[in-house]
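One structure is given below, encoded as structure tokens.
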There are 2 protein chains.
Amino acid sequence: MPLKSDAPTEITAFRWVPDFAQGLVRDLRLRWAMEEIGRDYRVRLLNALKPRPEEYFHEQPFGQVPFYKDDEVELFESGAILIHLGLQDERLLPTDHAPRMRAIAWTIAALNSIEPVLLMLISLDVFIKDKEAAKRIRPEVVERLAGRLKNLSEALGDRDWLEGRFTIADLMMIAVLRQLRGKSTIAQFPNLMAYVERGEARPAFRQALADQLQTFKENEPEPEPA
Amino acid sequence: MPLKSDAPTEITAFRWVPDFAQGLVRDLRLRWAMEEIGRDYRVRLLNALKPRPEEYFHEQPFGQVPFYKDDEVELFESGAILIHLGLQDERLLPTDHAPRMRAIAWTIAALNSIEPVLLMLISLDVFIKDKEAAKRIRPEVVERLAGRLKNLSEALGDRDWLEGRFTIADLMMIAVLRQLRGKSTIAQFPNLMAYVERGEARPAFRQALADQLQTFKENEPEPEPA
């Protein structure tokens, strides 16, 4: 049972987030990795709805979750934390230098070649307040994202995982692609849909997701009086 | 002289790009790193104005530059290539695990917490065709970017480099921030302006920049007949 209140490894996560973000907050990436290797961890909860306490920025410069610490390191950026965990466990990252670096390259591709375009689409759909202008720009962003997904779909081909076996590259890429759930942009690439489902079917992913959702369920705010 | 036609290390770069992109194409990040450690490399040039040859996507899944190869690895994503070079040379990345991982965390922060917001602004200014809608959304994106730059400015404080000494984290962060040249968003943070200038003053950076610009000068297309 990786989730353990006295574990030396600690991550931060949110106490509660609105429905659209549940199952997508980035501590899930770490929970998933720790379930894959059976590493115990504990969770420190932050309030997503209030500004982060000033001292938290000394831990996480952008005020995001997750921040990670263990006996050896204090780290931010889920990509870096996955690399740190991968360097300690072959089940997440090969030990030979060349395949290890290929997995790191794909991890960074998820973060820098796929996620920025995907986040632009999500910004337009969720965060930008000028809804009409956002709607006008949307088709151009969808086209750009579809181009990237086409490249990814062709690179994956009919393989199960990006570099022959499951690594942090797949964990990160699938975590990034899951943010497109319910959007038609990804549905035109059946091998990417199957790839995401393959990741989500892993027992480690299912446990991690259940644990994140359980926290939100336990801390659901009282509805405002009508 | 790192630039050497028979070097075993090869990177790809563009033959020529329009003015606005000169000095910003991502092969610069690798040229800079290789100048820092005196590592010889050769350049294979691609045409930026035409679609990439089909076989190039087997090397670089998204058709971008740079693709990198040496005797040991074939890699894409400038972030991963900097980590690969850093693991081989202490001048780019500390050898102790904890400071090494801190530098990797900041490298990924540049790529995933700063660059995506910055690229959204650049997309609106340069690539989005619906200029009027882009202009309406722009202030919201500027505000978001300014928030991230404020976090970065406070994390850097009055230090010269992000983690006490120059590493790939600074190389990447400065390469990312340079894309804001001439924009007012960064000018309100004098320590970030000074940080970028500090990086650009390094002899390795200046040589790398000169080499990228020299290629563009040599391959400038003939002006179209009027």
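Lettering and numbering for the structure tokens are positional, with chains as A, B, ... in the shown order, residues counted from 1 in each chain, and ligands counted from 1 in the shown order.
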
For the strand (DSSP E or B) assignment from backbone DSSP, which residues of segment 41-94 of chain B qualify? Please present them as a ChimeraX atom specification. /B:41-46,67-69,74-76

For the interface of chain B with chain A (cut-off 7 Å, counting only C-alpha atoms), please tabulate each contacting residue of chain B alongside its nearest pair of atoms and their separation in Å to one decimal, rows sorted by chain and increasing number, as a tab-separated table.
```
residue	atom	partner	partner_atom	distance
B:Pro61	CA	A:Asn151	CA	5.9
B:Phe62	CA	A:Asn151	CA	5.6
B:Glu72	CA	A:Ala98	CA	6.5
B:Val73	CA	A:Ala98	CA	5.3
B:Leu75	CA	A:Arg102	CA	6.5
B:Phe76	CA	A:Ala105	CA	6.2
B:Glu77	CA	A:Ala105	CA	5.9
B:Gly79	CA	A:Ile108	CA	6.8
B:Ala80	CA	A:Ala105	CA	5.0
B:His84	CA	A:Met101	CA	7.0
B:Ala98	CA	A:Val73	CA	5.3
B:Met101	CA	A:His84	CA	6.9
B:Arg102	CA	A:Leu75	CA	6.5
B:Ile104	CA	A:Ala80	CA	6.1
B:Ala105	CA	A:Ala80	CA	4.9
B:Ile108	CA	A:Ala80	CA	6.7
B:Ala109	CA	A:Glu77	CA	6.3
B:Leu111	CA	A:Asn112	CA	5.8
B:Asn112	CA	A:Leu111	CA	5.8
B:Pro116	CA	A:Pro116	CA	4.7
B:Met120	CA	A:Met120	CA	6.5
B:Ile128	CA	A:Glu140	CA	6.9
B:Asp130	CA	A:Ile137	CA	6.6
B:Ala133	CA	A:Ala133	CA	4.7
B:Arg136	CA	A:Ala133	CA	6.6
B:Ile137	CA	A:Asp130	CA	6.6
B:Glu140	CA	A:Ile128	CA	6.9
B:Arg148	CA	A:Phe62	CA	6.7
B:Asn151	CA	A:Phe62	CA	5.7
B:Leu152	CA	A:Pro61	CA	6.8
B:Ala155	CA	A:Pro61	CA	6.1
```

Find the residues around Thr215 of chain A up to 8 Å (only C-alpha atoms counted), leave out those fewer than 4 positions away in its own chain, and share them as JSON, numbers by chain. {"A": [15, 16, 211, 219]}

How many Å separate atom CA of Arg42 of chain B from atom CA of Arg178 of chain B? 24.5 Å

Do a neighbour search on Gln207 of chain B at 9 Å with only C-alpha atoms, toss out local chain neighbours closer than 3 positions, and write the hits as a PyMOL selection string. chain B and resi 31-32+35+202-204+210-212
